[in-house]
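Chemist: The following block contains the structure, expressed as structure tokens.
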Amino acid sequence: MTTTLITGANKSLGLETARRLLEAGHTVYAGMRDTANGEAARALGAHVVQLDVTQQASVDAALASLPELDVLVNNAGILGRSFGVDDLSAETLEEVLDTNVVGLVRVTQAALPLLRLSGAPVIVNVASGVGWPRFLSTEGHDEFPVPAVPYAASKAAVIALTVQYAKNLPGFRVNVSDPGYTATDFNRHSGHQTVTEGTDATVALALLGPDGPTGEFHNRHGRIEY
């Protein structure tokens, strides 16, 4: 049995990832800041775990509660309160980085002892094409019109740290996914993809075996070339 922890799993992409991995036979622990919001995850059959990625004590307690761990899906993230330059400040940047980047590292570092006991450890970090400079700078891409600085910077960092984790953990499969422009609360459900389509890459990477790729960036169509 494969045991999986998903952060930010109370709704949207995280909840759909939980549903699909449960369907694939995984035992899923659904991490979320407020377990009162865990009814949907419980209804699917997931084990709900209190996990606030911005609080080290919460992260440590969540990982200590797991009997084992094979797959970590770092899905938790926030859009932030800055959407251009005029409303940008050090504080709004720090807020997003603390959840989307530092929080991811908090969870991953706390998870490593359990993952190292697995016969086929997997880490999937959920980033975004908004963190990919080629998409941000190319007219016609969904990401091109996005002016927000903190979110883009945070997802660029997630892509880079995934590559570095993969190099440091050669026995792991460590990859990063781009959900694409998916209808979620982040974009007031304006995205042209369903949440199922938006989880295609994350789920595929979570199901990789020991012979799968590592250090790669994927969307639902496959590898995004660096």
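Order determines the names: the first chain of the structure tokens is A, the second B, and so forth; residues in each chain are numbered 1 upward, and ligands are numbered 1 upward as they are shown.
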What's the 12 Å shell around A:Ala152, counting only C-alpha atoms, without same-chain residues fewer than 2 positions away, as a ChimeraX atom specification?

Modeler: /A:77-80,82-84,93,96-97,100-101,127-133,135-137,143-150,154-159

Chemist: Suppose you want the space between atom CA of A:Leu13 and atom CA of A:Gly198; what is it in Å?

Modeler: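 Atom-to-atom, atom CA of A:Leu13 to atom CA of A:Gly198, that is 6.9 Å.
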
Chemist: For A:Leu115, which residue out of A:Val71, A:Ala206, A:Leu169, A:Ala40 is the nearest one, using only C-alpha atoms?

Modeler: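 So, comparing all the options, the nearest one is A:Val71.
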
Chemist: Compare A:Val163, A:Ala46, A:Ser12, A:Arg81 by their minimum atom-to-atom distance to A:Glu95, counting only C-alpha atoms, and give me the closest one.

Modeler: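 Smallest separation from A:Glu95 among the options: A:Arg81.
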
Chemist: Looking only at the backbone, which of the residues in chain A does DSSP tag as strand (DSSP E), as a PyMOL selection string?

Modeler: chain A and resi 3-6+27-32+47-50+71-74+122-126+173-177+217-219+222-223

Chemist: Take the selection from the previous step and output its residues with N, CA, C and O atoms, as a CSV table (one decimal), in the first residue's frame.

Modeler:
chain,number,residue,atom,x,y,z
A,3,THR,N,1.4,5.1,0.8
A,3,THR,CA,0.9,6.2,1.7
A,3,THR,C,1.3,7.5,1.2
A,3,THR,O,2.5,7.8,0.9
A,4,THR,N,0.3,8.4,1.1
A,4,THR,CA,0.6,9.7,0.5
A,4,THR,C,0.1,10.8,1.4
A,4,THR,O,-1.0,10.7,1.9
A,5,LEU,N,0.8,11.9,1.4
A,5,LEU,CA,0.4,13.1,2.1
A,5,LEU,C,0.3,14.2,1.1
A,5,LEU,O,1.2,14.5,0.3
A,6,ILE,N,-0.8,14.9,1.1
A,6,ILE,CA,-1.1,16.0,0.2
A,6,ILE,C,-1.4,17.3,1.1
A,6,ILE,O,-2.2,17.2,2.0
A,27,THR,N,-3.3,5.2,0.2
A,27,THR,CA,-3.8,5.7,1.5
A,27,THR,C,-3.4,7.1,1.6
A,27,THR,O,-2.2,7.5,1.5
A,28,VAL,N,-4.4,8.0,1.6
A,28,VAL,CA,-4.2,9.4,1.5
A,28,VAL,C,-4.4,10.2,2.8
A,28,VAL,O,-5.5,10.0,3.5
A,29,TYR,N,-3.4,10.9,3.2
A,29,TYR,CA,-3.6,11.9,4.3
A,29,TYR,C,-3.7,13.3,3.8
A,29,TYR,O,-2.9,13.7,3.0
A,30,ALA,N,-4.8,13.9,4.1
A,30,ALA,CA,-5.2,15.2,3.5
A,30,ALA,C,-4.8,16.3,4.5
A,30,ALA,O,-5.5,16.5,5.5
A,31,GLY,N,-3.7,17.0,4.3
A,31,GLY,CA,-3.3,18.0,5.2
A,31,GLY,C,-4.1,19.3,4.9
A,31,GLY,O,-4.3,19.7,3.7
A,32,MET,N,-4.4,20.0,5.9
A,32,MET,CA,-5.1,21.3,5.8
A,32,MET,C,-5.0,22.1,7.1
A,32,MET,O,-4.8,21.6,8.2
A,47,HIS,N,-7.7,10.5,5.2
A,47,HIS,CA,-7.4,10.8,6.7
A,47,HIS,C,-7.1,12.3,6.7
A,47,HIS,O,-6.1,12.7,6.1
A,48,VAL,N,-7.8,13.0,7.5
A,48,VAL,CA,-7.6,14.5,7.6
A,48,VAL,C,-6.6,14.8,8.7
A,48,VAL,O,-6.7,14.2,9.8
A,49,VAL,N,-5.6,15.6,8.3
A,49,VAL,CA,-4.5,15.9,9.2
A,49,VAL,C,-4.4,17.5,9.3
A,49,VAL,O,-4.4,18.1,8.3
A,50,GLN,N,-4.3,18.0,10.5
A,50,GLN,CA,-4.1,19.4,10.7
A,50,GLN,C,-2.7,19.7,10.3
A,50,GLN,O,-1.7,19.2,10.8
A,71,VAL,N,4.8,9.0,-0.7
A,71,VAL,CA,4.6,10.1,-1.7
A,71,VAL,C,4.2,11.4,-0.9
A,71,VAL,O,3.3,11.4,-0.1
A,72,LEU,N,4.9,12.4,-1.2
A,72,LEU,CA,4.6,13.8,-0.7
A,72,LEU,C,4.2,14.7,-1.8
A,72,LEU,O,4.9,14.8,-2.8
A,73,VAL,N,3.0,15.2,-1.8
A,73,VAL,CA,2.5,16.2,-2.7
A,73,VAL,C,2.4,17.6,-2.1
A,73,VAL,O,1.5,17.8,-1.2
A,74,ASN,N,3.3,18.4,-2.4
A,74,ASN,CA,3.3,19.8,-1.9
A,74,ASN,C,2.4,20.7,-2.7
A,74,ASN,O,2.9,21.3,-3.7
A,122,VAL,N,8.6,9.4,-3.5
A,122,VAL,CA,8.3,10.4,-4.5
A,122,VAL,C,7.9,11.7,-3.9
A,122,VAL,O,7.2,11.7,-2.9
A,123,ILE,N,8.3,12.8,-4.5
A,123,ILE,CA,7.9,14.1,-4.1
A,123,ILE,C,7.4,14.8,-5.3
A,123,ILE,O,8.1,14.8,-6.4
A,124,VAL,N,6.2,15.4,-5.2
A,124,VAL,CA,5.7,16.2,-6.3
A,124,VAL,C,5.4,17.6,-5.8
A,124,VAL,O,4.6,17.8,-4.8
A,125,ASN,N,6.0,18.6,-6.4
A,125,ASN,CA,5.8,20.0,-6.0
A,125,ASN,C,4.9,20.6,-7.0
A,125,ASN,O,5.1,20.5,-8.2
A,126,VAL,N,3.8,21.3,-6.6
A,126,VAL,CA,2.9,21.9,-7.5
A,126,VAL,C,3.3,23.4,-7.7
A,126,VAL,O,3.2,24.2,-6.8
A,173,ARG,N,12.2,10.2,-6.6
A,173,ARG,CA,11.6,10.8,-7.8
A,173,ARG,C,11.1,12.1,-7.4
A,173,ARG,O,10.1,12.2,-6.6
A,174,VAL,N,11.7,13.2,-7.7
A,174,VAL,CA,11.3,14.6,-7.3
A,174,VAL,C,11.0,15.4,-8.5
A,174,VAL,O,11.9,15.7,-9.3
A,175,ASN,N,9.7,15.8,-8.7
A,175,ASN,CA,9.3,16.5,-9.9
A,175,ASN,C,8.4,17.6,-9.6
A,175,ASN,O,7.9,17.7,-8.4
A,176,VAL,N,8.1,18.5,-10.5
A,176,VAL,CA,7.3,19.6,-10.3
A,176,VAL,C,6.2,19.7,-11.4
A,176,VAL,O,6.5,19.5,-12.6
A,177,SER,N,5.0,20.1,-11.0
A,177,SER,CA,3.9,20.1,-12.0
A,177,SER,C,3.3,21.5,-12.2
A,177,SER,O,3.4,22.4,-11.3
A,217,PHE,N,9.9,19.2,-15.0
A,217,PHE,CA,8.7,20.1,-14.9
A,217,PHE,C,7.7,19.6,-16.0
A,217,PHE,O,8.0,19.5,-17.1
A,218,HIS,N,6.5,19.2,-15.5
A,218,HIS,CA,5.5,18.6,-16.4
A,218,HIS,C,4.2,19.3,-16.3
A,218,HIS,O,3.8,19.8,-15.2
A,219,ASN,N,3.5,19.4,-17.4
A,219,ASN,CA,2.1,19.8,-17.4
A,219,ASN,C,1.3,18.6,-17.9
A,219,ASN,O,1.9,17.5,-18.1
A,222,GLY,N,2.8,16.5,-20.8
A,222,GLY,CA,4.2,15.9,-20.6
A,222,GLY,C,5.2,16.9,-20.1
A,222,GLY,O,4.9,17.9,-19.5
A,223,ARG,N,6.5,16.6,-20.4
A,223,ARG,CA,7.6,17.4,-19.9
A,223,ARG,C,7.6,18.8,-20.6
A,223,ARG,O,7.5,18.9,-21.8

Chemist: With distances taken over only C-alpha atoms, which of A:Arg106, A:Arg220, A:His26, A:Lys11 is nearest to A:Gly38?

Modeler: A:Lys11

Chemist: For the atom pair atom CA of A:Ser58 and atom CA of A:Arg19, what is the interatomic distance in Å to one decimal place?

Modeler: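 Taking atom CA of A:Ser58 as the start and atom CA of A:Arg19 as the end point, the length is 23.8 Å.
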
Chemist: Name the residues in contact with A:Ala61 at a cut-off of 12 Å, using only C-alpha atoms, excluding same-chain residues fewer than 6 positions from it; report them as a tab-separated table (two decimals) with C-alpha atoms, in the first residue's frame.

Modeler:
chain	number	residue	atom	x	y	z
A	31	GLY	CA	-3.32	18.05	5.16
A	49	VAL	CA	-4.53	15.94	9.24
A	50	GLN	CA	-4.09	19.42	10.67
A	51	LEU	CA	-1.17	20.95	8.79
A	52	ASP	CA	-0.35	24.62	8.46
A	53	VAL	CA	2.75	24.88	6.28
A	55	GLN	CA	3.94	26.80	11.34
A	107	VAL	CA	7.14	20.10	5.00
A	110	ALA	CA	10.13	17.15	8.04
A	111	ALA	CA	9.00	14.40	5.66

Chemist: Atom CA of A:Thr7 and atom CA of A:Ala76 are how many Å apart?

Modeler: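 Those two atoms sit 5.1 Å apart.
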
Chemist: Per DSSP on the backbone, what are the helix (DSSP H, G or I) residues of stretch 73-122 of chain A, as a list in words?

Modeler: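 Assigned to helix (DSSP H, G or I), within stretch 73-122 of chain A: Ala90, Glu91, Thr92, Leu93, Glu94, Glu95, Val96, Leu97, Asp98, Thr99, Asn100, Val101, Val102, Gly103, Leu104, Val105, Arg106, Val107, Thr108, Gln109, Ala110, Ala111, Leu112, Pro113, Leu114 and Leu115 of chain A.
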